[in-house]
$ cat final.cif   # mmCIF, C-alpha atoms and all ligand atoms
data_target
#
loop_
_atom_site.label_atom_id
_atom_site.label_comp_id
_atom_site.auth_asym_id
_atom_site.auth_seq_id
_atom_site.Cartn_x
_atom_site.Cartn_y
_atom_site.Cartn_z
CA MET A 30 49.62 -52.90 27.60
CA ARG A 31 52.66 -50.61 27.31
CA LYS A 32 54.94 -53.52 28.24
CA ARG A 33 53.37 -55.72 25.55
CA ARG A 34 53.90 -53.05 22.91
CA PHE A 35 57.46 -52.72 24.12
CA CYS A 36 58.02 -56.50 23.69
CA GLU A 37 56.55 -56.41 20.20
CA LEU A 38 58.75 -53.47 19.31
CA GLU A 39 61.81 -55.29 20.68
CA LEU A 40 61.01 -58.33 18.51
CA ALA A 41 60.59 -56.17 15.42
CA MET A 42 63.86 -54.35 16.12
CA THR A 43 65.69 -57.68 16.59
CA ARG A 44 64.36 -58.83 13.23
CA ILE A 45 65.46 -55.62 11.51
CA ARG A 46 68.94 -55.80 13.04
CA PHE A 47 69.25 -59.42 11.92
CA THR A 48 68.14 -58.61 8.37
CA GLU A 49 70.56 -55.71 8.15
CA LYS A 50 73.48 -57.82 9.38
CA ILE A 51 72.75 -60.62 6.93
CA CYS A 52 72.28 -58.22 4.01
CA VAL A 53 75.62 -56.57 4.69
CA GLU A 54 77.34 -59.97 4.91
CA GLU A 55 75.71 -61.16 1.69
CA GLU A 56 76.58 -57.99 -0.19
CA ALA A 57 80.19 -58.32 0.92
CA ALA A 58 80.36 -61.99 -0.16
CA LEU A 59 78.73 -61.20 -3.50
CA SER A 60 81.00 -58.28 -4.32
CA GLN A 61 84.10 -60.28 -3.31
CA HIS A 62 83.00 -63.14 -5.64
CA HIS A 63 82.38 -60.70 -8.52
CA SER A 64 85.80 -59.07 -8.19
CA THR A 65 87.58 -62.45 -7.92
CA ALA A 66 85.70 -63.67 -11.03
CA ALA A 67 86.60 -60.46 -12.90
CA ASN A 68 90.28 -60.77 -11.88
CA GLN A 69 90.33 -64.34 -13.12
CA GLY A 70 88.48 -63.39 -16.30
CA VAL A 71 85.67 -65.85 -15.71
CA PRO A 72 81.93 -65.08 -15.53
CA PRO A 73 80.56 -64.91 -11.98
CA ASP A 74 78.67 -67.96 -10.67
CA PRO A 75 74.94 -67.01 -10.83
CA SER A 76 74.17 -69.29 -7.86
CA ILE A 77 76.27 -67.13 -5.51
CA GLY A 78 74.22 -64.35 -3.98
CA ALA A 79 71.29 -65.49 -6.14
CA HIS A 80 68.82 -63.84 -3.76
CA GLY A 81 70.77 -60.58 -3.79
CA THR A 82 69.99 -58.31 -0.86
CA MET A 83 66.33 -59.31 -0.93
CA GLY A 84 66.59 -63.08 -0.49
CA ILE A 85 67.87 -63.63 3.05
CA GLN A 86 69.55 -66.94 3.70
CA LEU A 87 69.94 -67.66 7.41
CA THR A 88 72.39 -70.15 8.75
CA ASP A 89 71.03 -72.81 11.11
CA GLN A 90 72.64 -71.02 14.02
CA GLN A 91 71.02 -67.71 13.09
CA TRP A 92 67.62 -69.37 12.68
CA SER A 93 67.83 -71.07 16.01
CA LEU A 94 68.85 -67.82 17.72
CA LEU A 95 65.96 -65.99 16.08
CA GLN A 96 63.50 -68.70 17.11
CA LYS A 97 64.76 -68.71 20.70
CA THR A 98 64.45 -64.92 20.90
CA GLY A 99 60.92 -65.10 19.53
CA ILE A 100 59.94 -67.84 21.97
CA LEU A 101 61.37 -65.92 24.94
CA VAL A 102 59.68 -62.66 24.01
CA GLY A 103 56.42 -64.49 23.32
CA ALA A 104 56.58 -66.33 26.64
CA ALA A 105 57.27 -63.11 28.59
CA ALA A 106 54.39 -61.33 26.87
CA SER A 107 52.01 -64.26 27.52
CA LEU A 108 53.02 -64.44 31.18
CA HIS A 109 52.47 -60.72 31.59
CA LEU A 110 49.07 -60.98 29.96
CA ALA A 111 48.15 -64.01 32.12
CA VAL A 112 49.09 -62.16 35.34
CA LYS A 113 47.03 -59.16 34.22
CA LEU A 114 44.04 -61.36 33.42
CA VAL A 115 44.22 -63.16 36.78
CA LYS A 116 44.44 -59.82 38.62
CA ALA A 117 41.52 -58.39 36.66
CA TYR A 118 39.48 -61.54 37.36
CA LYS A 119 40.24 -61.42 41.09
CA ALA A 120 39.37 -57.70 41.26
CA LYS A 121 36.05 -58.36 39.51
CA GLN A 122 35.28 -61.21 41.93
CA ARG A 123 36.15 -59.02 44.94
CA GLU A 124 33.96 -56.25 43.62
CA LYS A 125 31.05 -58.63 43.08
CA LYS A 126 31.39 -59.99 46.63
CA GLU A 127 31.65 -56.52 48.12
CA LYS A 128 28.63 -55.25 46.24
CA LYS A 129 26.62 -58.05 47.80
CA GLU A 130 28.06 -57.45 51.26
CA SER A 131 27.38 -53.70 51.00
CA ALA A 132 23.62 -54.31 51.04
CA ASP A 133 23.86 -54.72 54.83
CA ARG A 134 27.05 -52.99 55.87
CA VAL A 135 29.50 -50.45 54.54
CA VAL A 136 32.74 -51.80 53.13
CA LEU A 137 35.25 -49.12 54.06
CA HIS A 138 38.38 -49.10 51.92
CA GLY A 139 41.08 -47.66 54.12
CA PHE A 140 44.58 -48.35 55.35
CA TRP A 141 46.13 -50.91 57.66
CA ARG A 142 45.90 -50.88 61.46
CA CYS A 143 49.00 -49.86 63.44
CA LYS A 144 49.20 -52.36 66.23
CA ASP A 145 48.98 -50.89 69.76
CA ILE A 146 49.28 -47.34 68.39
CA THR A 147 46.34 -46.21 66.26
CA PRO A 148 43.58 -47.69 64.10
CA SER A 149 44.78 -45.59 61.13
CA VAL A 150 47.48 -43.16 60.03
CA SER A 151 45.17 -41.63 57.47
CA PRO A 152 43.13 -38.69 58.82
CA PRO A 153 40.41 -39.07 56.13
CA ALA A 154 40.07 -42.82 56.71
CA LEU A 155 40.00 -42.34 60.48
CA ARG A 156 37.36 -39.59 60.28
CA LEU A 157 35.06 -41.79 58.22
CA GLU A 158 35.52 -44.73 60.56
CA VAL A 159 34.95 -42.53 63.64
CA PHE A 160 31.82 -41.05 62.07
CA MET A 161 30.41 -44.55 61.44
CA ARG A 162 31.08 -45.50 65.04
CA LEU A 163 29.49 -42.30 66.38
CA ALA A 164 26.46 -42.90 64.14
CA LYS A 165 26.40 -46.65 64.92
CA ILE A 166 26.68 -47.68 61.28
CA PRO A 167 27.92 -51.24 60.68
CA TYR A 168 31.04 -51.53 58.56
CA ARG A 169 33.95 -53.73 57.62
CA LEU A 170 37.36 -52.18 57.08
CA GLU A 171 39.06 -53.50 53.96
CA THR A 172 42.78 -52.73 53.99
CA GLU A 173 43.93 -54.67 50.92
CA GLY A 174 41.67 -53.17 48.29
CA PRO A 175 42.51 -50.72 45.51
CA MET A 176 42.23 -46.93 45.45
CA SER A 177 38.84 -45.53 44.40
CA LYS A 178 38.05 -45.70 40.71
CA LYS A 179 36.84 -42.11 40.66
CA HIS A 180 39.59 -40.28 42.62
CA ALA A 181 42.37 -42.90 42.78
CA LYS A 182 42.52 -42.28 46.53
CA LYS A 183 41.53 -43.89 49.80
CA PRO A 184 39.28 -43.91 51.74
CA TRP A 185 36.24 -44.80 49.72
CA MET A 186 33.29 -47.02 50.47
CA MET A 187 31.17 -49.62 48.79
CA TRP A 188 27.63 -48.97 49.87
CA LYS A 189 24.43 -50.47 48.44
CA GLY A 190 26.44 -51.76 45.49
CA GLU A 191 27.86 -48.32 44.72
CA GLU A 192 31.37 -46.96 45.06
CA VAL A 193 31.47 -43.63 46.88
CA ALA A 194 34.78 -41.74 46.89
CA ASP A 195 35.99 -39.11 49.40
CA SER A 196 35.44 -39.27 53.15
CA VAL A 197 33.35 -36.08 53.26
CA LEU A 198 31.04 -37.29 50.49
CA CYS A 199 30.79 -40.69 52.21
CA ILE A 200 29.79 -39.02 55.48
CA GLN A 201 27.16 -36.91 53.69
CA ARG A 202 25.72 -39.96 51.93
CA LEU A 203 25.59 -42.07 55.10
CA THR A 204 24.04 -39.19 57.09
CA LYS A 205 21.21 -39.18 54.56
CA ASP A 206 20.82 -42.95 54.14
CA PHE A 207 20.94 -43.75 57.86
CA ASN A 208 19.05 -40.63 58.88
CA VAL A 209 21.89 -39.72 61.25
CA LYS A 210 20.80 -37.13 63.79
CA LEU A 211 24.17 -36.12 65.25
CA ASP A 212 23.78 -32.49 64.09
CA ASP A 213 20.04 -32.12 64.51
CA LYS A 214 20.26 -29.82 67.50
CA LEU A 215 22.67 -27.36 65.87
CA THR A 216 21.35 -23.96 64.81
CA PRO A 217 22.06 -22.77 61.24
CA GLU A 218 24.83 -20.56 62.65
CA GLN A 219 26.37 -23.46 64.54
CA LEU A 220 26.11 -25.62 61.44
CA ALA A 221 27.98 -22.97 59.48
CA THR A 222 30.68 -22.75 62.18
CA ALA A 223 30.98 -26.54 62.15
CA HIS A 224 31.27 -26.47 58.37
CA ALA A 225 34.05 -23.85 58.48
CA LEU A 226 35.84 -25.86 61.17
CA MET A 227 35.55 -29.02 59.09
CA ARG A 228 37.08 -27.28 56.05
CA MET A 229 39.88 -25.73 58.12
CA THR A 230 40.69 -29.17 59.51
CA ASN A 231 40.53 -31.11 56.27
CA GLU A 232 41.76 -28.62 53.73
CA HIS A 233 44.29 -26.65 55.73
CA PHE A 234 45.41 -28.26 58.98
CA ILE A 235 46.03 -31.56 57.19
CA TRP A 236 49.06 -30.08 55.37
CA PRO A 237 51.14 -29.17 58.44
CA ILE A 238 50.51 -32.76 59.57
CA VAL A 239 51.59 -34.24 56.21
CA ASP A 240 54.59 -31.92 56.00
CA TYR A 241 55.79 -32.73 59.52
CA ARG A 242 55.21 -36.44 59.06
CA PHE A 243 57.23 -36.73 55.86
CA PHE A 244 59.80 -33.98 56.12
CA SER A 245 60.49 -33.50 59.84
CA ASP A 246 60.29 -36.96 61.37
CA LEU A 247 59.96 -39.70 58.79
CA ASP A 248 61.60 -42.17 61.18
CA ARG A 249 58.76 -41.77 63.64
CA PHE A 250 56.20 -42.35 60.87
CA ALA A 251 58.02 -45.54 59.82
CA GLU A 252 57.95 -46.66 63.45
CA VAL A 253 54.20 -45.98 63.76
CA VAL A 254 53.34 -47.95 60.63
CA GLY A 255 55.63 -50.77 61.78
CA ILE A 256 58.24 -50.46 59.06
CA THR A 257 61.56 -51.09 60.74
CA GLY A 258 64.80 -53.02 60.17
CA TRP A 259 65.31 -54.59 56.75
CA LYS A 260 61.78 -53.65 55.61
CA LYS A 261 62.61 -50.01 56.24
CA ALA A 262 65.89 -50.22 54.33
CA LEU A 263 64.09 -51.88 51.42
CA LEU A 264 61.10 -49.54 51.27
CA MET A 265 62.94 -46.30 51.96
CA VAL A 266 64.58 -46.11 48.53
CA PRO A 267 61.36 -46.12 46.41
CA PHE A 268 59.71 -43.94 49.04
CA LEU A 269 62.47 -41.32 48.90
CA LEU A 270 62.68 -41.51 45.13
CA PHE A 271 59.01 -41.56 44.14
CA VAL A 272 56.66 -40.66 47.00
CA LEU A 273 58.46 -37.81 48.78
CA PRO A 274 59.17 -35.70 45.66
CA ARG A 275 55.44 -35.94 44.78
CA VAL A 276 54.38 -34.80 48.26
CA LYS A 277 56.98 -32.02 48.22
CA LYS A 278 55.66 -30.75 44.90
CA LEU A 279 52.11 -30.88 46.21
CA LEU A 280 52.99 -28.90 49.36
CA TYR A 281 54.92 -26.37 47.30
CA GLY A 282 51.93 -25.96 44.97
CA LEU A 283 49.63 -25.40 47.93
CA GLY A 284 51.93 -22.74 49.28
CA TYR A 285 52.53 -24.34 52.67
CA GLY A 286 55.74 -25.92 51.42
CA ARG A 287 57.20 -22.47 50.74
CA PHE A 288 57.19 -21.35 54.38
CA ASP A 289 60.32 -21.69 56.49
CA LYS A 290 60.43 -23.64 59.74
CA GLN A 291 59.58 -20.67 61.94
CA GLU A 292 56.64 -19.62 59.76
CA LYS A 293 55.32 -23.20 59.73
CA GLU A 294 55.50 -23.33 63.52
CA GLU A 295 53.52 -20.10 63.74
CA ILE A 296 50.82 -21.60 61.50
CA ILE A 297 50.65 -24.77 63.59
CA ARG A 298 50.44 -22.71 66.79
CA ASP A 299 47.68 -20.46 65.38
CA ASP A 300 45.61 -23.43 64.20
CA LEU A 301 45.95 -25.35 67.46
CA LYS A 302 45.11 -22.20 69.41
CA ALA A 303 41.95 -21.82 67.28
CA PHE A 304 40.95 -25.45 67.95
CA ALA A 305 41.65 -24.99 71.67
CA ASN A 306 39.65 -21.75 71.90
CA ILE A 307 36.68 -23.14 69.97
CA LEU A 308 36.66 -26.17 72.25
CA GLY A 309 37.18 -24.17 75.45
CA LYS A 310 35.80 -26.04 78.40
CA LYS A 311 33.19 -27.92 76.37
CA LYS A 312 33.34 -31.68 75.95
CA TYR A 313 33.08 -31.56 72.17
CA MET A 314 33.64 -28.96 69.50
CA MET A 315 30.02 -27.79 69.25
CA GLY A 316 28.89 -28.34 72.83
CA ASP A 317 28.43 -31.11 75.31
CA SER A 318 27.06 -33.52 72.71
CA VAL A 319 29.23 -35.02 70.02
CA THR A 320 28.49 -33.90 66.44
CA THR A 321 29.79 -34.79 62.98
CA VAL A 322 32.55 -32.19 63.02
CA ASP A 323 34.14 -34.00 65.97
CA ALA A 324 34.94 -36.93 63.69
CA HIS A 325 36.91 -34.54 61.46
CA VAL A 326 38.70 -32.62 64.21
CA PHE A 327 39.49 -35.69 66.29
CA ALA A 328 40.93 -37.58 63.31
CA ALA A 329 43.38 -34.73 62.71
CA LEU A 330 44.32 -34.00 66.33
CA GLN A 331 44.79 -37.68 67.11
CA GLN A 332 47.40 -37.86 64.34
CA CYS A 333 49.27 -34.96 65.99
CA MET A 334 49.55 -36.98 69.16
CA LEU A 335 51.41 -39.67 67.18
CA PHE A 336 54.40 -37.38 66.71
CA ARG A 337 57.26 -37.55 69.19
CA GLU A 338 56.86 -35.88 72.55
CA ASP A 339 59.32 -33.13 71.66
CA SER A 340 57.46 -32.23 68.44
CA ILE A 341 55.77 -28.82 68.21
CA PHE A 342 52.34 -30.51 67.92
CA HIS A 343 52.77 -32.70 70.96
CA THR A 344 54.30 -29.92 73.05
CA LEU A 345 51.54 -27.43 72.28
CA MET A 346 48.71 -29.93 72.78
CA THR A 347 50.12 -31.13 76.05
CA LYS A 348 51.49 -27.98 77.64
CA GLU A 349 49.79 -24.91 76.13
CA TYR A 350 46.46 -26.34 75.08
CA PRO A 351 45.91 -29.39 77.31
CA ASN A 352 42.16 -29.27 76.58
CA LEU A 353 43.07 -30.63 73.10
CA LYS A 354 44.91 -33.62 74.50
CA GLU A 355 41.99 -34.33 76.86
CA TYR A 356 39.60 -34.00 73.92
CA VAL A 357 41.56 -36.60 71.95
CA THR A 358 41.38 -39.03 74.87
CA ARG A 359 37.65 -38.36 75.33
CA MET A 360 36.88 -38.90 71.66
CA GLN A 361 39.01 -42.05 71.54
CA SER A 362 36.99 -43.66 74.27
CA LEU A 363 33.64 -42.39 72.99
CA ALA A 364 34.20 -43.74 69.48
CA PHE A 365 36.23 -46.86 70.15
CA GLY A 366 35.87 -47.66 73.86
CA ALA A 367 37.77 -50.82 74.69
CA ASP A 368 38.50 -51.35 70.98
CA TRP A 369 41.09 -48.56 71.04
CA PRO A 370 43.69 -48.78 69.48
CA ASN A 371 43.42 -52.33 68.11
CA ALA A 372 39.90 -52.10 66.72
CA PRO A 373 38.60 -55.20 64.94
CA LEU A 374 38.04 -54.85 61.21
CA VAL A 375 34.32 -55.49 61.56
CA TYR A 376 32.08 -53.15 63.53
CA ASP A 377 28.58 -54.30 64.25
CA PRO A 378 26.78 -52.10 66.79
CA LYS A 379 23.84 -54.53 67.23
N1 LIG A 401 39.61 -35.55 50.25
C1 LIG A 401 39.92 -36.93 50.36
C2 LIG A 401 41.39 -37.08 50.68
C3 LIG A 401 41.86 -38.51 50.58
C4 LIG A 401 43.38 -38.63 50.53
O1 LIG A 401 44.07 -37.67 50.25
N2 LIG A 401 43.85 -39.84 50.79
C5 LIG A 401 45.26 -40.10 50.71
C6 LIG A 401 45.67 -41.02 51.84
S1 LIG A 401 45.41 -40.31 53.41
C7 LIG A 401 45.55 -40.84 49.42
O2 LIG A 401 44.83 -41.73 49.03
N3 LIG A 401 46.63 -40.48 48.78
C8 LIG A 401 47.08 -41.14 47.60
C9 LIG A 401 47.33 -40.20 46.49
O3 LIG A 401 47.08 -39.00 46.66
O4 LIG A 401 47.79 -40.68 45.46
C10 LIG A 401 39.05 -37.57 51.44
O5 LIG A 401 38.62 -36.86 52.34
O6 LIG A 401 38.77 -38.78 51.34
#
$ encode --input "final.cif" --output "C-alpha cells" --more "lines below"
Ligand SMILES: N[C@@H](CCC(=O)N[C@@H](CS)C(=O)NCC(=O)O)C(=O)O
Amino acid sequence: MRKRRFCELELAMTRIRFTEKICVEEEAALSQHHSTAANQGVPPDPSIGAHGTMGIQLTDQQWSLLQKTGILVGAAASLHLAVKLVKAYKAKQREKKEKKESADRVVLHGFWRCKDITPSVSPPALRLEVFMRLAKIPYRLETEGPMSKKHAKKPWMMWKGEEVADSVLCIQRLTKDFNVKLDDKLTPEQLATAHALMRMTNEHFIWPIVDYRFFSDLDRFAEVVGITGWKKALLMVPFLLFVLPRVKKLLYGLGYGRFDKQEKEEIIRDDLKAFANILGKKKYMMGDSVTTVDAHVFAALQQCMLFREDSIFHTLMTKEYPNLKEYVTRMQSLAFGADWPNAPLVYDPK
C-alpha cells in the first residue's frame, strides 16, 4: 500500500517537474520574442506563446518520455498489486485448509528442524511440541507459515478452526480440550511451585539463553540452524543490521542487557543451581512422574546444551550440575524416543 502511494507520488512529482520545465522554457521563448519584436519596432506575433504559461505544448520527445514513465510506473504498481493479491489468496487458501485439518489434529506453527541437532531452536515452540508428545496429542508441525495474527510471534496453533497464540495459552487450551491428566496428582502447593518454576523458566531464564546465543556465540547459532558458507555471508548483514539491534534493545529494556559479563554468569549459575536443586535426585521436576512443567524446563535446558562445550551453560550442566544434563537426556528420550533429533513433522500417537 505504502509502495503504491509512493509510485503515485513519484508520477505526480514527475508531472510537476515536467510542467515547470516547460513553463520556464515557454516564458523564456515568449519574452525573447517580445523583446526582439520591440527592438525591431514590429508588433509581436500573437501565435507565439499563445497558450502563455497555462497552455503547455509538449514536443513529441517530451510526450513519449512522459508516456514511457507513466507506463513503467503503472506496470510496477500493477505487478506489486498482483504479487500482493496472489500472496493474500494463497494465505487464505492455506488458512482454509488448516482450519479443516485442525478438526482432527493440531497444526503447530513453529520453526524449522535442525538436522541431526535438535527439533527446534525456539524454546517456546519446543515446549509446546514436547507437551503434545507427553500428552499424546496428534499434531503437524508447519514451518513455513506466518507469525500469529494476534501476537505476531511463533509458536501458535490452529486448533478446531481457531488460531491460538502463545505456547503457554496453547498448553492451557489443549490441557482442557484433551482432558490432559499430567498434573492431576500434584497438590495445590506443588502446582504453585510448578507454576513459579514455569514462569522463572519462560520469563527469566529465557533471556540469558537469548543473550548468549546472539551476543556471545552467534557463530555457533548459525552452525546449529545450518546457515554456513555463502548463506551465512548473505544473511549476516540484515541480521546484524535489523535483528540484533532489536534484541539488544529488548534485553536492555528488560534489565538483563545492562549486566556485565561477570554479573550475567552469576545469574546463569544461580538459575541453573536452582533447577538442579529442585530436581535433586528425582527423575522429573515434580517427582518421578513427568508433569507439564517438565515441557517448559526441558525446552530451556535442552537449548543450553546446544552451546559450545566451553560455554558457561554447558560447563555448569555437565560438571557442577550433572543431574541437569541427565535430565535433558531423559526427557529427550521420553518425549521423542527414536525420533530424536530428526522428528517427523507429523506426530500421530495412535
Ligand atoms: N510468550 C511467547 C513467546 C514467543 C516468542 O517470543 N517467539 C519468538 C521466537 S522463539 C518470536 O516469534 N519472535 C519474533 C518476534 O518477537 O518478533 C510464547 O510462549 O509463545
$ atom_distance --input "final.cif" --atom1 "atom N3 of ligand LIG 401 (chain A)" --atom2 "atom CA of Lys183 of chain A"
6.2 Å
$ atom_distance --input "final.cif" --atom1 "atom CA of Lys144 of chain A" --atom2 "atom CA of Asn371 of chain A"
6.1 Å
$ closest_residue --input "final.cif" --among "A:Leu198, A:Met161, A:Met315, A:Leu137" --to "Thr222 of chain A" --atoms "all atoms listed in the file"
A:Met315
$ closest_atom_pairs --input "final.cif" --of "chain A" --to "ligand LIG 401 (chain A)" --cutoff "7 Å" --atoms "all atoms listed in the file" --output "Markdown table"
| residue | atom | partner | partner_atom | distance |
| --- | --- | --- | --- | --- |
| A:Ser151 | CA | A:LIG401 | S1 | 4.3 |
| A:Pro152 | CA | A:LIG401 | S1 | 6.1 |
| A:Pro153 | CA | A:LIG401 | O5 | 4.7 |
| A:Ala154 | CA | A:LIG401 | S1 | 6.8 |
| A:Met176 | CA | A:LIG401 | O2 | 6.8 |
| A:Ala181 | CA | A:LIG401 | O4 | 6.4 |
| A:Lys182 | CA | A:LIG401 | O2 | 3.4 |
| A:Lys183 | CA | A:LIG401 | O2 | 4.0 |
| A:Pro184 | CA | A:LIG401 | O6 | 5.2 |
| A:Trp185 | CA | A:LIG401 | O6 | 6.7 |
| A:Ala194 | CA | A:LIG401 | O6 | 6.7 |
| A:Asp195 | CA | A:LIG401 | O6 | 3.4 |
| A:Ser196 | CA | A:LIG401 | O6 | 3.8 |
| A:Val197 | CA | A:LIG401 | O5 | 5.4 |
$ closest_residue --input "final.cif" --among "A:Ala329, A:Val102, A:Leu114, A:Val322" --to "Leu215 of chain A" --atoms "all atoms listed in the file"
A:Val322
$ build_atoms --input "final.cif" --residues "segment 101-119 of chain A" --atoms "N, CA and C atoms" --output "PDB file, in the coordinates of the input"
ATOM      1  N   LEU A 101      61.201 -66.600  23.642  1.00  0.00           N
ATOM      2  CA  LEU A 101      61.370 -65.920  24.940  1.00  0.00           C
ATOM      3  C   LEU A 101      60.481 -64.681  25.038  1.00  0.00           C
ATOM      4  N   VAL A 102      60.501 -63.878  23.994  1.00  0.00           N
ATOM      5  CA  VAL A 102      59.680 -62.660  24.010  1.00  0.00           C
ATOM      6  C   VAL A 102      58.202 -63.026  24.084  1.00  0.00           C
ATOM      7  N   GLY A 103      57.811 -64.032  23.322  1.00  0.00           N
ATOM      8  CA  GLY A 103      56.420 -64.490  23.320  1.00  0.00           C
ATOM      9  C   GLY A 103      56.003 -64.986  24.685  1.00  0.00           C
ATOM     10  N   ALA A 104      56.907 -65.769  25.323  1.00  0.00           N
ATOM     11  CA  ALA A 104      56.580 -66.330  26.640  1.00  0.00           C
ATOM     12  C   ALA A 104      56.427 -65.213  27.664  1.00  0.00           C
ATOM     13  N   ALA A 105      57.345 -64.224  27.623  1.00  0.00           N
ATOM     14  CA  ALA A 105      57.270 -63.110  28.590  1.00  0.00           C
ATOM     15  C   ALA A 105      55.973 -62.336  28.399  1.00  0.00           C
ATOM     16  N   ALA A 106      55.617 -62.090  27.146  1.00  0.00           N
ATOM     17  CA  ALA A 106      54.390 -61.330  26.870  1.00  0.00           C
ATOM     18  C   ALA A 106      53.164 -62.107  27.339  1.00  0.00           C
ATOM     19  N   SER A 107      53.170 -63.451  27.101  1.00  0.00           N
ATOM     20  CA  SER A 107      52.010 -64.260  27.520  1.00  0.00           C
ATOM     21  C   SER A 107      51.889 -64.291  29.037  1.00  0.00           C
ATOM     22  N   LEU A 108      53.045 -64.394  29.715  1.00  0.00           N
ATOM     23  CA  LEU A 108      53.020 -64.440  31.180  1.00  0.00           C
ATOM     24  C   LEU A 108      52.463 -63.123  31.734  1.00  0.00           C
ATOM     25  N   HIS A 109      52.936 -62.043  31.153  1.00  0.00           N
ATOM     26  CA  HIS A 109      52.470 -60.720  31.590  1.00  0.00           C
ATOM     27  C   HIS A 109      50.960 -60.590  31.414  1.00  0.00           C
ATOM     28  N   LEU A 110      50.490 -61.056  30.268  1.00  0.00           N
ATOM     29  CA  LEU A 110      49.070 -60.980  29.960  1.00  0.00           C
ATOM     30  C   LEU A 110      48.273 -61.860  30.933  1.00  0.00           C
ATOM     31  N   ALA A 111      48.840 -63.076  31.211  1.00  0.00           N
ATOM     32  CA  ALA A 111      48.150 -64.010  32.120  1.00  0.00           C
ATOM     33  C   ALA A 111      48.024 -63.387  33.510  1.00  0.00           C
ATOM     34  N   VAL A 112      49.119 -62.778  34.011  1.00  0.00           N
ATOM     35  CA  VAL A 112      49.090 -62.160  35.340  1.00  0.00           C
ATOM     36  C   VAL A 112      48.030 -61.055  35.370  1.00  0.00           C
ATOM     37  N   LYS A 113      48.004 -60.263  34.293  1.00  0.00           N
ATOM     38  CA  LYS A 113      47.030 -59.160  34.220  1.00  0.00           C
ATOM     39  C   LYS A 113      45.600 -59.689  34.236  1.00  0.00           C
ATOM     40  N   LEU A 114      45.387 -60.779  33.499  1.00  0.00           N
ATOM     41  CA  LEU A 114      44.040 -61.360  33.420  1.00  0.00           C
ATOM     42  C   LEU A 114      43.609 -61.902  34.773  1.00  0.00           C
ATOM     43  N   VAL A 115      44.549 -62.597  35.462  1.00  0.00           N
ATOM     44  CA  VAL A 115      44.220 -63.160  36.780  1.00  0.00           C
ATOM     45  C   VAL A 115      43.876 -62.025  37.751  1.00  0.00           C
ATOM     46  N   LYS A 116      44.690 -60.963  37.715  1.00  0.00           N
ATOM     47  CA  LYS A 116      44.440 -59.820  38.620  1.00  0.00           C
ATOM     48  C   LYS A 116      43.082 -59.189  38.334  1.00  0.00           C
ATOM     49  N   ALA A 117      42.800 -59.017  37.046  1.00  0.00           N
ATOM     50  CA  ALA A 117      41.520 -58.390  36.660  1.00  0.00           C
ATOM     51  C   ALA A 117      40.360 -59.274  37.105  1.00  0.00           C
ATOM     52  N   TYR A 118      40.527 -60.593  36.963  1.00  0.00           N
ATOM     53  CA  TYR A 118      39.480 -61.540  37.360  1.00  0.00           C
ATOM     54  C   TYR A 118      39.242 -61.460  38.875  1.00  0.00           C
ATOM     55  N   LYS A 119      40.355 -61.464  39.621  1.00  0.00           N
ATOM     56  CA  LYS A 119      40.240 -61.420  41.090  1.00  0.00           C
ATOM     57  C   LYS A 119      39.577 -60.113  41.528  1.00  0.00           C
TER      58      LYS A 119
END
